[in-house]
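Input: a single structure, listed below in structure tokens.
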Amino acid sequence: MRQHRTVILPSFATIFLCSLLLAASFTAFGAVMRVLSMERNLYAVEAFLPESVDEDSLQVIQNRLEHTKFIDSVTFVSADSALADFRRHFSGEMLDLVEGNPIPPFFRVTLGEENKNPATLIEVKNNLARTEIFEEVQAPVEWVEKIAAWKFRMIFWPICVSVLLLFTLSLIICNSVRLSLLSRRLLVENMKYAGGSHFFIEFPFVLQGAFQGLVGSGLAVILLAVVLNSVADAFPIVAANLTGLGTGLFLVVVLVTALSGYFSFRTVREFLSIKRNEQE
């Protein structure tokens with residue numbers, strides 16, 4: 001590798017850059033899948049009640065909601081429970097500006113799996129808003145519509161980029177091994193004429209390709225992990241969405257290393273097959 005560094009170093013640098021982009025693409029795809037998994041929880045409507053509602057009225061309202069079209073489940077959230085949940089997710093300083101509990105009780109209704117689409121969510125929200133029981137009705141309609149509009153592109157482009165980068169890596173590795181073979185053509189031919197087996201000739205090239213893939217992709221994922229951890233320290237919301245990052249980056253290293261070894265083996269095997277046909 002030292003003797004042929006003029007051929008190996010450019011290939012190594014390109015593998016590093018492609019692995020960095022591939023790891024970033026895998027990370028983006030993982031983030032998209034987490035967003036889509038959370039999308040199912042967005043199909044919920046919160047219907048706020050006036051504070052002066054007795055227990056019997058609450059039961060009647062809940063029974064009516066449970067038999068409403070498109071609604072799958074109904075959960076009553078008391079004012080105290082809503083306040084405790086707010087304190088768990090937000091700073092208590094936001095509540096210091098007001099007296100008492102500013103959050104009224106409400107019903108949270110969720111749609112059935114077959115009804116989870118923006119049009120149905122809007123219809124349910126509007127139907128509940130038209131009743132005189134609730135003071136206010138809220139639903140994340142804008143978020144649901146944006147995710148639904150971008151869902152295909154959010155999945156399609158990371159997959160396309162990943163496939164393109166894998167194809168590019170394959171070409172780079174094949175060309176690198178082919179150049180190494182051309183520069184050591186006489187050595188390979190002498191090994192073959194001396195009775196060297198295919199494994200004896202192929203193994204150094206396969207080892208070299210796998211080593212390039214391992215080191216290049218390893219450095220790439222380390223750099224990406226450092227950058228993402230720095231961003232997560234500055235923005236806690238990013239840290240909450242980095243679950244499974246280590247597994248994804250490890251998969252990139254394994255994939256790039258395996259591809260490097262395989263295409264190195266394939267290139268050398270094709271070279272030896274051509275030489276055998278020329279002799280025949």
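A note on labels: chains of the structure tokens are A, B, ... as shown, every chain counts residues from 1, and ligands are counted from 1 in their shown order.
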9 Å contact set for A:Val254, only C-alpha atoms, chain neighbours under 3 positions out, as JSON, numbers by chain: {"A": [213, 214, 217, 249, 250, 251, 257, 258, 259]}
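Neighbouring residues of stretch 142-145 of chain A at 8 Å or closer, counting only C-alpha atoms and skipping chain neighbours under 4 positions away, are Glu39, Leu42, Tyr43, Asn117, Pro118 and Ala149 of chain A.
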Selected residues written out with N, CA, C and O atoms, as an mmCIF file, in the first residue's frame:
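Okay, part.cif is ready:
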data_model
loop_
_atom_site.group_PDB
_atom_site.id
_atom_site.type_symbol
_atom_site.label_atom_id
_atom_site.label_comp_id
_atom_site.auth_asym_id
_atom_site.auth_seq_id
_atom_site.Cartn_x
_atom_site.Cartn_y
_atom_site.Cartn_z
ATOM 1 N N GLU A 39 -45.969 10.465 13.452
ATOM 2 C CA GLU A 39 -47.103 11.064 12.749
ATOM 3 C C GLU A 39 -48.412 10.418 13.165
ATOM 4 O O GLU A 39 -49.449 11.089 13.251
ATOM 5 N N LEU A 42 -50.229 12.151 15.850
ATOM 6 C CA LEU A 42 -50.737 13.491 15.605
ATOM 7 C C LEU A 42 -52.223 13.508 15.271
ATOM 8 O O LEU A 42 -52.859 14.567 15.330
ATOM 9 N N TYR A 43 -52.759 12.343 14.917
ATOM 10 C CA TYR A 43 -54.174 12.293 14.548
ATOM 11 C C TYR A 43 -55.029 12.214 15.807
ATOM 12 O O TYR A 43 -55.668 11.198 16.111
ATOM 13 N N ASN A 117 -56.005 10.337 8.234
ATOM 14 C CA ASN A 117 -55.615 11.136 7.076
ATOM 15 C C ASN A 117 -56.049 12.571 7.358
ATOM 16 O O ASN A 117 -56.948 12.821 8.186
ATOM 17 N N PRO A 118 -55.414 13.552 6.716
ATOM 18 C CA PRO A 118 -55.705 14.961 7.016
ATOM 19 C C PRO A 118 -57.171 15.336 6.828
ATOM 20 O O PRO A 118 -57.726 16.097 7.625
ATOM 21 N N ALA A 149 -47.977 15.786 2.742
ATOM 22 C CA ALA A 149 -47.555 16.305 1.441
ATOM 23 C C ALA A 149 -46.104 15.950 1.118
ATOM 24 O O ALA A 149 -45.747 15.738 -0.044
#
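Distance-wise, atom CA of A:Ala47 and atom CA of A:Lys151 end up 27.7 Å apart.
The smallest atom-to-atom distance between A:Ser264 and any of A:Ile172, A:Glu46, A:Lys125, A:Leu245, using only C-alpha atoms, is found for A:Ile172.
The smallest atom-to-atom distance between A:Met33 and any of A:Leu255, A:Ile159, A:Ala210, A:Ala129, using only C-alpha atoms, is found for A:Ile159.
Proximity to A:Ile155 was assessed for A:Gly30, A:Gly246, A:Gly112, A:Pro204 counting only C-alpha atoms; the smallest distance is recorded for A:Gly30.
Taking stretch 17-86 of chain A and asking which residues DSSP calls strand (DSSP E) on the backbone, you get Ala44, Val45, Glu46, Ala47, Phe48, Ile71, Asp72, Ser73, Val74, Thr75, Phe76 and Val77 of chain A.
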For the residues selected in the previous step, produce a file with N, CA and C atoms as a short mmCIF file (atom, residue, chain, number, x, y, z; two decimals), in the first residue's frame.
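out_5.cif, written as the output of this step:
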data_model
loop_
_atom_site.label_atom_id
_atom_site.label_comp_id
_atom_site.auth_asym_id
_atom_site.auth_seq_id
_atom_site.Cartn_x
_atom_site.Cartn_y
_atom_site.Cartn_z
N ALA A 44 -55.02 13.30 16.55
CA ALA A 44 -55.79 13.42 17.78
C ALA A 44 -56.36 14.83 17.87
N VAL A 45 -57.51 14.92 18.49
CA VAL A 45 -58.20 16.20 18.65
C VAL A 45 -58.41 16.43 20.15
N GLU A 46 -58.11 17.65 20.59
CA GLU A 46 -58.32 18.01 21.99
C GLU A 46 -59.49 18.99 22.06
N ALA A 47 -60.54 18.57 22.76
CA ALA A 47 -61.75 19.38 22.91
C ALA A 47 -61.83 19.89 24.35
N PHE A 48 -61.64 21.19 24.55
CA PHE A 48 -61.57 21.77 25.89
C PHE A 48 -62.97 22.09 26.41
N ILE A 71 -64.02 8.22 15.28
CA ILE A 71 -63.29 8.28 16.54
C ILE A 71 -63.04 6.88 17.08
N ASP A 72 -61.79 6.61 17.45
CA ASP A 72 -61.41 5.28 17.94
C ASP A 72 -61.38 5.22 19.47
N SER A 73 -60.81 6.23 20.13
CA SER A 73 -60.73 6.22 21.59
C SER A 73 -60.94 7.63 22.13
N VAL A 74 -61.43 7.69 23.35
CA VAL A 74 -61.70 8.97 24.01
C VAL A 74 -61.10 8.92 25.40
N THR A 75 -60.30 9.94 25.75
CA THR A 75 -59.65 10.01 27.05
C THR A 75 -59.95 11.36 27.69
N PHE A 76 -60.40 11.31 28.94
CA PHE A 76 -60.65 12.55 29.66
C PHE A 76 -59.40 12.94 30.44
N VAL A 77 -59.00 14.20 30.31
CA VAL A 77 -57.82 14.73 31.00
C VAL A 77 -58.29 15.86 31.91
#
All helix (DSSP H, G or I) residues (DSSP, backbone) inside stretch 103-169 of chain A, as a PyMOL selection string: chain A and resi 113-115+118-130+141-169
Selection near A:Phe16, 6 Å with only C-alpha atoms, sequence-local residues under 3 positions removed, as a VMD selection string: chain A and resid 13 19 216 to 217 220
